[in-house]
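Visitor: What follows is a single structure, and I will ask about it in a moment.
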Amino acid sequence: MGDLSDLPPARPWRNAALHPAPALLVALALWGWAMTHTDVSDLDDFGLVTAVHPTFWAGLALLTGGFWLTLRGPRRHPGWAPAYVLGLLVMERATQAVLYPTPLYAWAWKHDAIIDHLLTAGRLQGEDVLGDLAVYDQWPGFFAAQATLVKLLGVDSATQFMAWWPLVSSLMLLLPLVLIFRTFTDDRRLIWTAVWLFCIANWVGQDYFSPQSVAFALHLGVLAVVLRRYGRPGQTAAQQRQAVWTVLLTLLVVAVVISHQLTPGMLIVTLAALFLVRRYRDKVPLITTAAIFLAWCLTAALPFLSATMPEMIRSIGDIGGNVSTGYGATPTGTGAVTTSWVARLLSASVLLLAVVGVLRQPVLRHRAMPLLLIAAAPLPMLGASSYGSEMIFRVLMFMLPGAAFFAAAALLPQVRTLTALENNRQYGPHGGGRREPRRYAWLPLLALLAGTLAFVPSYSGKDRISYFPPAEVDLVQRVFDQAPDNSLVVAAGRNYPLAFDQYWRVDHYWFLDDAREHVDRIVSDPAATLARDMSAVEVPGRAYLLFTRGQFADAEMNGLLTEGQLERIEQSVAGSPLFERVAANDAGSAYVLKEAGR
């Protein structure tokens with residue numbers, strides 16, 4: 001069997017009617033219409049899900065259907081499948097950049113502040129100057145590269161392009177993903193279905209403006225080089241060419257190691273797992289990666305590791321830290337709970353499909369065993385550290401390349417991995433796959449459509465937390481513009497834009513990071529307790545207190561404080577003679593602690 005399709009040859013008139021271009025163009029047109037008819041000024045707890053215009057959903061459904069029909073068409077040009085995947089990435093990853101006038105995610109704004117520090121200071125600095133934030137100067141690869149990009153583009157800051165970073169970083173993943181999948185099959189349907197599933201299952205949000213987004217792309221690049229260039233018997237000419245690939249491998253690994261703390265560890269455990277396969281017994285990739293990582297840990301990263309190593313050792317084996325619930329860790333409200341469950345079901349469905357694909361495709365299971373190892377290798381990291389309760393999400397992301405490949409195999413009736421002759425000899429004319437009854441042919445499309453639609457609430461369901469309107473940005477900027485050196489900016493939480501702005505000269509304090517007992521004291525007697533907490537600032541510094549819509553949304557939706565409690569705190573401060581309001585607009589208000597004697 002040289003083709004996946006179990007459909008009879010299409011008639012000429014059907015080929016014309018089902019040409020891939022109309023569905024793709026109409027889907028993108030519907031998306032464009034939705035972008036011009038969506039209002040994001042008043043998001044509810046479902047985020048973009050309830051705010052986006054209905055034509056967005058129609059376009060996404062049409063795009064998915066067109067993609068599936070394109071794959072099943074036996075004489076389609078091979079360029080149509082990647083064209084549909086690009087359309088998917090535009091609709092998935094560019095929607096927020098088009099709709100929202102400011103970049104999403106407080107962490108992205110934090111990374112902009114770190115880049116601003118590099119541009120301002122012109123060099124890396126240590127803990128004596130930067131405190132805890134010196135850790136970013138110990139893994140400066142991403143930030144140094146972005147600072148260079150800011151200079152090359154001639155823009156004021158990274159905020160002018162970082163809203164588009166989810167699309168850019170997702171596009172960066174396509175080439176290494178395709179190269180990895182092509183190592184085990186030349187079946188374009190399996191390859192592009194796996195890429196599609198990877199895109200819709202990668203909802204964890206690490207594609208934003210962050211070191212992880214680039215480090216993950218580099219991680220996949222290293223795996224692509226290893227799988228394609230280090231799995232063949234050694235010959236003189238091949239060994240000479242392999243030296244070139246070793247240089248490239250070394251450059252990729254160095255870029256990973258100097259940019260991110262977690263990814264080198266994930267890469268090492270993955271390469272170690274591949275070493276278990278006879279075909280990948282070349283020690284060069286594993287030894288090279290481990291040596292570079294160790295060298296960095298013992299030099300540039302040593303200050304951070306020396307301070308945190310005891311805690312890291314204590315956390316080994318604490319798998320429960322990845323599923324913690326309770327204060328500040330449990331979504332509250334119908335929207336937050338619903339979108340969280342949709343995300344979990346989406347991930348569970350892809351993993352379940354991967355298991356089905358492994359069981360029902362014996363040729364694939366044998367041929368693509370390295371991808372099984374790539375999917376399983378990150379699992380031990382769950383016991384290595386909770387990574388701020390995020391390890392479970394990072395493990396899922398690093399599992400996805402292998403899991404998506406086998407999940408795609410579950411959706412396809414037959415796959416082509418070896419030559420037709422080998423398939424016929426070893427597993428019969430169907431290559432080890434089972435021909436699905438035609439009456440069930442619609443089930444894979446339904447599964448693909450459900451997963452594609454489920455991506456939206458999984459990825460954008462918490463946009464009420466992540467989006468900061470221009471008024472909120474302006475309010476916070478006004479505070480930092482007037483704050484003298486050595487001032488203190490206090491807020492309930494760090495979920496607001498510019499939360500780390502000018503951190504090298506202004507201190508920050510978020511009282512919801514404190515023990516619950518102290519938070520309860522603030523709720524009980526807000527103005528007096530906060531005034532005491534802020535009174536240690538020395539002249540000429542001042543102590544400022546911020547209330548913004550982003551903090552309120554985060555506190556409510558993550559079970560930190562209720563809306564009533566937050567409003568009570570703000571009203572207490574507003575009515576207190578200890579504070580003076582210095583800025584206010586529709587997005588919040590800012591107060592300064594009055595100086596003694598005033």
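For the structure tokens, the naming scheme is as follows: chains receive sequential letters (A, B, ...) according to their order of presentation, residues are indexed from 1 within each chain, and ligands are indexed from 1 in presentation order.
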Show which residues sit within 7 Å of stretch 402-405 of chain A, as a PyMOL selection string. Count only C-alpha atoms, and ignore same-chain residues fewer than 6 positions away.
Guide: chain A and resi 194+197-198+350-351+354+371-372+374-375
Visitor: Which residues are near A:Gln160? Cut-off 12 Å, only C-alpha atoms, ignore same chain within fewer than 6 positions. Put them as number ranges by chain.
Guide: A: 97, 101-103, 108-109, 112, 146, 149-150, 153-154, 209
Visitor: Go ahead and save the picked residues with all heavy atoms, as an mmCIF file, in the first residue's frame.
Guide:
```cif
data_model
loop_
_atom_site.group_PDB
_atom_site.id
_atom_site.type_symbol
_atom_site.label_atom_id
_atom_site.label_comp_id
_atom_site.auth_asym_id
_atom_site.auth_seq_id
_atom_site.Cartn_x
_atom_site.Cartn_y
_atom_site.Cartn_z
ATOM 1 N N ALA A 97 -2.620 39.085 19.134
ATOM 2 C CA ALA A 97 -1.820 40.239 18.718
ATOM 3 C C ALA A 97 -2.650 41.228 17.916
ATOM 4 O O ALA A 97 -2.437 42.442 17.994
ATOM 5 C CB ALA A 97 -0.619 39.766 17.897
ATOM 6 N N PRO A 101 -4.562 45.734 22.016
ATOM 7 C CA PRO A 101 -3.640 46.828 21.677
ATOM 8 C C PRO A 101 -2.337 46.818 22.462
ATOM 9 O O PRO A 101 -1.424 47.584 22.136
ATOM 10 C CB PRO A 101 -4.467 48.080 21.997
ATOM 11 C CG PRO A 101 -5.451 47.638 23.036
ATOM 12 C CD PRO A 101 -5.773 46.214 22.717
ATOM 13 N N THR A 102 -2.235 45.988 23.489
ATOM 14 C CA THR A 102 -1.005 45.889 24.281
ATOM 15 C C THR A 102 -0.612 44.422 24.415
ATOM 16 O O THR A 102 -1.459 43.533 24.302
ATOM 17 C CB THR A 102 -1.197 46.487 25.690
ATOM 18 O OG1 THR A 102 -2.260 45.783 26.352
ATOM 19 C CG2 THR A 102 -1.536 47.969 25.615
ATOM 20 N N PRO A 103 0.662 44.130 24.664
ATOM 21 C CA PRO A 103 1.099 42.733 24.813
ATOM 22 C C PRO A 103 0.451 42.068 26.024
ATOM 23 O O PRO A 103 0.171 42.707 27.047
ATOM 24 C CB PRO A 103 2.622 42.856 24.992
ATOM 25 C CG PRO A 103 2.979 44.173 24.394
ATOM 26 C CD PRO A 103 1.811 45.063 24.669
ATOM 27 N N ALA A 108 5.764 38.461 30.223
ATOM 28 C CA ALA A 108 6.357 39.068 29.035
ATOM 29 C C ALA A 108 6.823 40.489 29.339
ATOM 30 O O ALA A 108 7.897 40.914 28.902
ATOM 31 C CB ALA A 108 5.348 39.062 27.886
ATOM 32 N N TRP A 109 6.027 41.220 30.097
ATOM 33 C CA TRP A 109 6.425 42.574 30.496
ATOM 34 C C TRP A 109 7.656 42.532 31.402
ATOM 35 O O TRP A 109 8.523 43.412 31.344
ATOM 36 C CB TRP A 109 5.266 43.270 31.206
ATOM 37 C CG TRP A 109 4.150 43.677 30.294
ATOM 38 C CD1 TRP A 109 3.084 42.915 29.903
ATOM 39 C CD2 TRP A 109 3.992 44.937 29.647
ATOM 40 N NE1 TRP A 109 2.276 43.625 29.058
ATOM 41 C CE2 TRP A 109 2.796 44.871 28.884
ATOM 42 C CE3 TRP A 109 4.735 46.116 29.643
ATOM 43 C CZ2 TRP A 109 2.342 45.945 28.123
ATOM 44 C CZ3 TRP A 109 4.272 47.194 28.884
ATOM 45 C CH2 TRP A 109 3.095 47.098 28.135
ATOM 46 N N ASP A 112 10.624 42.157 29.222
ATOM 47 C CA ASP A 112 10.954 43.446 28.609
ATOM 48 C C ASP A 112 11.755 44.314 29.577
ATOM 49 O O ASP A 112 12.689 45.029 29.167
ATOM 50 C CB ASP A 112 9.679 44.161 28.180
ATOM 51 C CG ASP A 112 9.948 45.557 27.655
ATOM 52 O OD1 ASP A 112 10.646 45.687 26.633
ATOM 53 O OD2 ASP A 112 9.471 46.528 28.290
ATOM 54 N N GLN A 146 17.625 39.646 22.377
ATOM 55 C CA GLN A 146 16.509 40.565 22.176
ATOM 56 C C GLN A 146 16.947 42.021 22.326
ATOM 57 O O GLN A 146 16.430 42.904 21.631
ATOM 58 C CB GLN A 146 15.378 40.246 23.159
ATOM 59 C CG GLN A 146 14.755 38.877 22.968
ATOM 60 C CD GLN A 146 14.139 38.699 21.604
ATOM 61 O OE1 GLN A 146 13.684 39.668 20.990
ATOM 62 N NE2 GLN A 146 14.118 37.474 21.115
ATOM 63 N N LEU A 149 18.310 42.865 19.091
ATOM 64 C CA LEU A 149 17.239 43.049 18.126
ATOM 65 C C LEU A 149 16.567 44.405 18.288
ATOM 66 O O LEU A 149 16.234 45.069 17.288
ATOM 67 C CB LEU A 149 16.209 41.924 18.282
ATOM 68 C CG LEU A 149 15.050 41.921 17.291
ATOM 69 C CD1 LEU A 149 15.566 41.788 15.855
ATOM 70 C CD2 LEU A 149 14.080 40.785 17.602
ATOM 71 N N VAL A 150 16.364 44.840 19.521
ATOM 72 C CA VAL A 150 15.780 46.164 19.769
ATOM 73 C C VAL A 150 16.646 47.249 19.134
ATOM 74 O O VAL A 150 16.151 48.182 18.488
ATOM 75 C CB VAL A 150 15.618 46.402 21.288
ATOM 76 C CG1 VAL A 150 15.313 47.873 21.574
ATOM 77 C CG2 VAL A 150 14.523 45.516 21.854
ATOM 78 N N LEU A 153 16.443 47.051 15.203
ATOM 79 C CA LEU A 153 15.170 47.537 14.667
ATOM 80 C C LEU A 153 14.959 49.019 14.920
ATOM 81 O O LEU A 153 14.074 49.633 14.315
ATOM 82 C CB LEU A 153 14.009 46.745 15.276
ATOM 83 C CG LEU A 153 13.951 45.251 14.918
ATOM 84 C CD1 LEU A 153 12.787 44.577 15.642
ATOM 85 C CD2 LEU A 153 13.822 45.055 13.416
ATOM 86 N N GLY A 154 15.735 49.591 15.841
ATOM 87 C CA GLY A 154 15.603 51.005 16.143
ATOM 88 C C GLY A 154 14.334 51.361 16.878
ATOM 89 O O GLY A 154 13.824 52.484 16.753
ATOM 90 N N PHE A 209 6.708 35.720 24.853
ATOM 91 C CA PHE A 209 8.026 36.351 24.772
ATOM 92 C C PHE A 209 8.872 35.917 25.966
ATOM 93 O O PHE A 209 8.885 36.565 27.011
ATOM 94 C CB PHE A 209 7.845 37.871 24.753
ATOM 95 C CG PHE A 209 9.096 38.644 24.448
ATOM 96 C CD1 PHE A 209 9.662 38.601 23.179
ATOM 97 C CD2 PHE A 209 9.699 39.423 25.415
ATOM 98 C CE1 PHE A 209 10.808 39.324 22.905
ATOM 99 C CE2 PHE A 209 10.836 40.145 25.142
ATOM 100 C CZ PHE A 209 11.395 40.095 23.888
#
```
Visitor: For A:Phe181, work out the shell of residues within 10 Å, counting only C-alpha atoms and skipping chain neighbours fewer than 6 positions away, then give it as a VMD selection string.
Guide: chain A and resid 187 to 188 190 to 192 194 to 195 224 227 368 371 401 to 402 405
Visitor: Can I get the residues of stretch 92-131 of chain A within 12 Å of stretch 544-567 of chain A, each with the closest pair of atoms and their distance in Å to one decimal, using only C-alpha atoms, sorted chain first then ascending number, as CSV?
Guide:
```
residue,atom,partner,partner_atom,distance
A:Leu104,CA,A:Gly550,CA,10.8
A:Tyr105,CA,A:Gly550,CA,9.9
A:Ala106,CA,A:Gly550,CA,9.0
```
Visitor: Would you write out those residues with all heavy atoms, as a short mmCIF file (atom, residue, chain, number, x, y, z; two decimals), in the first residue's frame?
Guide:
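Here's the written file selection27.cif:
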```
data_model
loop_
_atom_site.label_atom_id
_atom_site.label_comp_id
_atom_site.auth_asym_id
_atom_site.auth_seq_id
_atom_site.Cartn_x
_atom_site.Cartn_y
_atom_site.Cartn_z
N LEU A 104 0.23 40.76 25.89
CA LEU A 104 -0.33 39.98 26.99
C LEU A 104 0.76 39.49 27.93
O LEU A 104 1.94 39.51 27.61
CB LEU A 104 -1.08 38.76 26.44
CG LEU A 104 -2.29 39.00 25.53
CD1 LEU A 104 -2.96 37.68 25.20
CD2 LEU A 104 -3.29 39.94 26.17
N TYR A 105 0.36 39.02 29.10
CA TYR A 105 1.17 38.30 30.07
C TYR A 105 2.13 39.22 30.87
O TYR A 105 3.00 39.89 30.31
CB TYR A 105 1.99 37.17 29.44
CG TYR A 105 1.17 36.19 28.68
CD1 TYR A 105 1.33 36.05 27.30
CD2 TYR A 105 0.21 35.40 29.30
CE1 TYR A 105 0.56 35.15 26.58
CE2 TYR A 105 -0.55 34.50 28.59
CZ TYR A 105 -0.37 34.38 27.23
OH TYR A 105 -1.14 33.51 26.53
N ALA A 106 1.95 39.21 32.17
CA ALA A 106 2.83 39.97 33.05
C ALA A 106 4.28 39.50 32.92
O ALA A 106 5.22 40.30 33.05
CB ALA A 106 2.36 39.84 34.50
#
```
Visitor: So how far away is atom CA of A:Val226 from atom CA of A:Arg278, in Å?
Guide: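 Straight-line distance from atom CA of A:Arg278 to atom CA of A:Val226 works out to 13.5 Å.
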Visitor: For each of A:Val52, A:Val26, A:Ala377, A:Ala61, take the minimum atom-to-atom distance to A:Gln96, counting only C-alpha atoms, then give the residue where this is smallest.
Guide: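 Going through A:Val52, A:Val26, A:Ala377, A:Ala61 one by one, the smallest distance to A:Gln96 is for A:Val52.
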Visitor: Can you work out which one of A:Thr36, A:Ser41, A:Gln477, A:Gln361 has the shortest atom-to-atom distance to A:Phe406, counting only C-alpha atoms?
Guide: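 Ranked by minimum distance to A:Phe406, first place goes to A:Gln361.
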Visitor: Using only C-alpha atoms, pick whichever of A:Asn202, A:Thr289, A:Ser259, A:Ser589 has the shortest atom-to-atom distance to A:Thr452.
Guide: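 Nearest to A:Thr452: A:Asn202.
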Visitor: Show me, as a Markdown table, the residues of stretch 209-236 of chain A having an atom within 12 Å of stretch 254-258 of chain A, each with the closest atom pair and its distance in Å, using only C-alpha atoms.
Guide:
```
| residue | atom | partner | partner_atom | distance |
| --- | --- | --- | --- | --- |
| A:Pro211 | CA | A:Val256 | CA | 9.0 |
| A:Gln212 | CA | A:Val256 | CA | 9.2 |
| A:Ser213 | CA | A:Val256 | CA | 10.7 |
| A:Val214 | CA | A:Val256 | CA | 8.1 |
| A:Ala215 | CA | A:Val256 | CA | 5.2 |
| A:Phe216 | CA | A:Val256 | CA | 8.2 |
| A:Ala217 | CA | A:Val256 | CA | 9.2 |
| A:Leu218 | CA | A:Val256 | CA | 6.4 |
| A:His219 | CA | A:Val256 | CA | 7.1 |
| A:Leu220 | CA | A:Val256 | CA | 10.6 |
| A:Gly221 | CA | A:Val256 | CA | 10.3 |
| A:Val222 | CA | A:Val256 | CA | 9.5 |
```
Visitor: For those residues, write all heavy atoms to a file as a tab-separated table (two decimals), in the first residue's frame.
Guide:
```
chain	number	residue	atom	x	y	z
A	211	PRO	N	12.44	33.13	27.35
A	211	PRO	CA	13.56	32.24	27.01
A	211	PRO	C	13.10	30.82	26.69
A	211	PRO	O	13.68	30.16	25.84
A	211	PRO	CB	14.42	32.27	28.28
A	211	PRO	CG	14.11	33.56	28.94
A	211	PRO	CD	12.65	33.80	28.65
A	212	GLN	N	12.04	30.35	27.36
A	212	GLN	CA	11.57	28.99	27.11
A	212	GLN	C	11.13	28.80	25.67
A	212	GLN	O	11.34	27.73	25.08
A	212	GLN	CB	10.42	28.66	28.06
A	212	GLN	CG	9.80	27.29	27.84
A	212	GLN	CD	10.71	26.14	28.24
A	212	GLN	OE1	10.64	25.65	29.36
A	212	GLN	NE2	11.56	25.68	27.33
A	213	SER	N	10.51	29.81	25.08
A	213	SER	CA	10.02	29.66	23.71
A	213	SER	C	11.16	29.40	22.74
A	213	SER	O	11.05	28.54	21.84
A	213	SER	CB	9.25	30.91	23.29
A	213	SER	OG	10.10	32.05	23.25
A	214	VAL	N	12.27	30.12	22.89
A	214	VAL	CA	13.42	29.92	22.01
A	214	VAL	C	14.17	28.64	22.37
A	214	VAL	O	14.59	27.88	21.50
A	214	VAL	CB	14.35	31.14	22.07
A	214	VAL	CG1	15.62	30.90	21.25
A	214	VAL	CG2	13.63	32.38	21.57
A	215	ALA	N	14.32	28.40	23.67
A	215	ALA	CA	15.05	27.20	24.10
A	215	ALA	C	14.35	25.93	23.64
A	215	ALA	O	15.02	24.94	23.29
A	215	ALA	CB	15.19	27.21	25.62
A	216	PHE	N	13.02	25.93	23.62
A	216	PHE	CA	12.30	24.75	23.16
A	216	PHE	C	12.53	24.51	21.67
A	216	PHE	O	12.71	23.36	21.23
A	216	PHE	CB	10.81	24.91	23.45
A	216	PHE	CG	9.99	23.69	23.14
A	216	PHE	CD1	10.36	22.44	23.60
A	216	PHE	CD2	8.83	23.78	22.37
A	216	PHE	CE1	9.60	21.30	23.31
A	216	PHE	CE2	8.06	22.68	22.08
A	216	PHE	CZ	8.46	21.43	22.55
A	217	ALA	N	12.54	25.58	20.88
A	217	ALA	CA	12.83	25.44	19.45
A	217	ALA	C	14.24	24.91	19.24
A	217	ALA	O	14.48	24.04	18.38
A	217	ALA	CB	12.65	26.78	18.74
A	218	LEU	N	15.19	25.40	20.02
A	218	LEU	CA	16.57	24.91	19.93
A	218	LEU	C	16.66	23.45	20.37
A	218	LEU	O	17.41	22.66	19.79
A	218	LEU	CB	17.49	25.78	20.78
A	218	LEU	CG	17.65	27.24	20.31
A	218	LEU	CD1	18.37	28.06	21.38
A	218	LEU	CD2	18.40	27.31	18.99
A	219	HIS	N	15.91	23.10	21.40
A	219	HIS	CA	15.83	21.72	21.87
A	219	HIS	C	15.39	20.78	20.75
A	219	HIS	O	16.02	19.74	20.50
A	219	HIS	CB	14.86	21.65	23.05
A	219	HIS	CG	14.46	20.28	23.48
A	219	HIS	ND1	15.17	19.55	24.39
A	219	HIS	CD2	13.40	19.50	23.12
A	219	HIS	CE1	14.58	18.38	24.59
A	219	HIS	NE2	13.50	18.32	23.83
A	220	LEU	N	14.33	21.17	20.03
A	220	LEU	CA	13.87	20.36	18.91
A	220	LEU	C	14.90	20.34	17.79
A	220	LEU	O	15.06	19.33	17.09
A	220	LEU	CB	12.54	20.89	18.40
A	220	LEU	CG	11.34	20.78	19.35
A	220	LEU	CD1	10.08	21.29	18.68
A	220	LEU	CD2	11.13	19.34	19.81
A	221	GLY	N	15.61	21.46	17.60
A	221	GLY	CA	16.66	21.49	16.60
A	221	GLY	C	17.77	20.50	16.90
A	221	GLY	O	18.27	19.81	16.00
A	222	VAL	N	18.17	20.41	18.17
A	222	VAL	CA	19.18	19.44	18.57
A	222	VAL	C	18.69	18.02	18.30
A	222	VAL	O	19.42	17.18	17.75
A	222	VAL	CB	19.55	19.62	20.05
A	222	VAL	CG1	20.46	18.48	20.52
A	222	VAL	CG2	20.25	20.96	20.27
```
Visitor: What gap, in Å, lies between atom CA of A:Val489 and atom CA of A:Val506?
Guide: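 Interatomic distance here is 7.3 Å.
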Visitor: Can you pull out the residues contacting A:Ala590? Cut-off 12 Å, using only C-alpha atoms, and skip same-chain residues under 3 positions away; I want them as a VMD selection string.
Guide: chain A and resid 472 474 to 480 482 to 483 489 to 491 543 to 549 570 573 to 574 579 to 587 593
Visitor: Could you write out, as a PyMOL selection string, all the residues of stretch 363-561 of chain A that DSSP marks as alpha helix (DSSP H)?
Guide: chain A and resi 363-367+369-376+391-411+420-427+442-460+463-466+470-482+516-524+526-534+549-557
Visitor: To test your reading of the structure, identify every residue in stretch 425-597 of chain A that backbone DSSP assigns to strand (DSSP E), and report it as a list in words.
Guide: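 Secondary structure check on stretch 425-597 of chain A, strand (DSSP E): Ser487, Leu488, Val489, Val490, Ala491, Val506, Asp507, His508, Tyr509, Trp510, Ala543, Tyr544, Leu545, Leu546, Phe547, Thr548, Phe579, Glu580, Arg581, Val582, Ala583, Ala584, Asn585, Gly588, Ser589, Ala590, Tyr591, Val592 and Leu593 of chain A.
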